[in-house]
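Below is one structure; the comments refer to it alone.
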Amino acid sequence: MTGLKNKQAIVTGGSAGIGLEMVRSLLAQGAEVTVIARDDGKLAAARDAGAQAIAGDATDAALITREIDAVDPDILILNAGARLAAKTLDRQNWDDFSAVWNTDVKATFIGIQAALNRPLRPGSRVLVTSSGAAMVMSLPAIRPEDLRMSGGYVGAKRMVWFMAHQANAVSRERGLGILFQVLVPAQLMAATELGHAVAAAYAEAEGITIDEHILRRYGSHLAPEQVGRQVVELLDDPAYRTGVAYGIRAGVQLMPLD
């Protein structure tokens, strides 16, 4: 892979988990990466990998606009997200339920709007991180009951997916040449902080271990490093410039979803 060398990339939520693996994979291919995340203390890993790091909130429109103007990115990855309150609906308050909307959806809205209104250069790519949970009502293999502790997460992750389609429509209508795509990690990752917390909640409710929960539901573990590698593949291989959403499952190639 050579197409990412010297490309400028911004990754929100790139201080840990799959965001950090995306950063590492982009850097390994010669891209220059700027990471935006709220906790400056957690940005050390991104800095150690060779990225520029900005402590800030991805829902801050002024910050995102300023950094896009400064970096002029070829690649914008909107990965910032909130922690999921893994509780059944009767045990959540409105702040628990809406946290993902107020972070993931708002940050995606702000990032997409900034990309369209600047606008980014023709040929630029914007990746939005969704989730396999967004497929719950359209994919019979995922029973709604299996996501009973997800609260507002399912709808939020479907919304950011839909927003990418809306953004592509605007890009086409305005002749901008910006491609908006959706990354769909289609299973929990116990190796990430969020995935571990959610898997732990379900495992406790089911009276099994986290490993048993992951293996029973998905058959194998998805490593964050695989997500990082496949994001680079998605960005570098021309074959992946025709679809909008691509799913990631352990040990398999990128799956076109729409």
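Residue numbers start at 1 in each chain; chains themselves are named A, B, ... in the order of the structure tokens; ligands are numbered from 1 in the order shown.
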
Sorted by chain and rising residue number, list the residues of region 100-151 of chain A at most 12 Å from region 241-246 of chain A (counting only C-alpha atoms), each with its closest atom pair and distance in Å to one decimal, as a Markdown table.
```
| residue | atom | partner | partner_atom | distance |
| --- | --- | --- | --- | --- |
| A:Gly123 | CA | A:Arg241 | CA | 10.1 |
| A:Ser124 | CA | A:Arg241 | CA | 11.0 |
| A:Arg125 | CA | A:Arg241 | CA | 9.3 |
| A:Val126 | CA | A:Val244 | CA | 10.5 |
| A:Leu127 | CA | A:Ala245 | CA | 9.4 |
| A:Val128 | CA | A:Ala245 | CA | 9.2 |
| A:Thr129 | CA | A:Ala245 | CA | 9.7 |
| A:Ser130 | CA | A:Ala245 | CA | 9.1 |
| A:Ser131 | CA | A:Tyr246 | CA | 10.4 |
| A:Gly132 | CA | A:Tyr246 | CA | 10.3 |
| A:Ala134 | CA | A:Ala245 | CA | 11.5 |
| A:Met135 | CA | A:Ala245 | CA | 11.5 |
```

File of the preceding selection, C-alpha atoms, as an mmCIF file, in the first residue's frame:
```
data_model
loop_
_atom_site.group_PDB
_atom_site.id
_atom_site.type_symbol
_atom_site.label_atom_id
_atom_site.label_comp_id
_atom_site.auth_asym_id
_atom_site.auth_seq_id
_atom_site.Cartn_x
_atom_site.Cartn_y
_atom_site.Cartn_z
ATOM 1 C CA GLY A 123 -11.244 13.222 -3.827
ATOM 2 C CA SER A 124 -11.212 13.618 -0.044
ATOM 3 C CA ARG A 125 -12.625 10.833 2.113
ATOM 4 C CA VAL A 126 -14.698 11.121 5.274
ATOM 5 C CA LEU A 127 -15.154 7.956 7.345
ATOM 6 C CA VAL A 128 -17.883 7.761 9.980
ATOM 7 C CA THR A 129 -17.733 5.052 12.643
ATOM 8 C CA SER A 130 -21.053 3.299 13.148
ATOM 9 C CA SER A 131 -21.694 -0.119 14.706
ATOM 10 C CA GLY A 132 -23.164 -3.493 13.919
ATOM 11 C CA ALA A 134 -27.235 -0.233 13.772
ATOM 12 C CA MET A 135 -28.289 -3.328 11.818
#
```

Please, which residues in region 186-228 of chain A fall within 12 Å of region 87-106 of chain A when counting only C-alpha atoms, and what is the closest atom pair and distance in Å to one decimal for each, ordered by chain then residue number, as CSV?
```
residue,atom,partner,partner_atom,distance
A:Ala197,CA,A:Lys87,CA,11.0
A:Val198,CA,A:Lys87,CA,9.1
A:Ala199,CA,A:Lys87,CA,11.6
A:Ala200,CA,A:Lys87,CA,11.3
A:Ala201,CA,A:Lys87,CA,7.7
A:Tyr202,CA,A:Lys87,CA,9.1
A:Glu204,CA,A:Lys87,CA,11.4
A:Ala205,CA,A:Lys87,CA,10.1
```

- Message: Using DSSP secondary structure from the backbone, list all helix (DSSP H, G or I) positions within region 118-253 of chain A, as JSON, numbers by chain.
- Response: {"A": [132, 133, 134, 135, 144, 145, 146, 147, 153, 154, 155, 156, 157, 158, 159, 160, 161, 162, 163, 164, 165, 166, 167, 168, 169, 170, 171, 172, 173, 174, 193, 194, 195, 196, 197, 198, 199, 200, 201, 202, 203, 204, 205, 206, 210, 211, 212, 213, 214, 215, 216, 217, 218, 224, 225, 226, 227, 228, 229, 230, 231, 232, 233, 234, 235, 236, 238, 239, 240, 241]}

Requested in this report: Tell me, as a count of residues only, which residues lie within 10 Å of Ile64 (chain A), counting only C-alpha atoms; anything in the same chain fewer than 5 positions away does not count.
Outcome: 14

Atom pair CA of Ser25 (chain A) + CA of Gln166 (chain A), distance 28.2 Å

Expressed in Å, the length from CA of Leu188 (chain A) to CA of Ser138 (chain A) is 18.3 Å

* With only C-alpha atoms as the atoms that count, which of A:His196, A:Arg24, A:Arg174, A:Arg38 lies nearest to Val232 (chain A)? ->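 Nearest candidate to Val232 (chain A) out of A:His196, A:Arg24, A:Arg174, A:Arg38: A:Arg24.
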
Check: Contacts of His165 (chain A) at 9 Å or less, counting only C-alpha atoms, minus same-chain residues fewer than 5 places along, as number ranges by chain?
Finding: A: 170, 180-181, 244
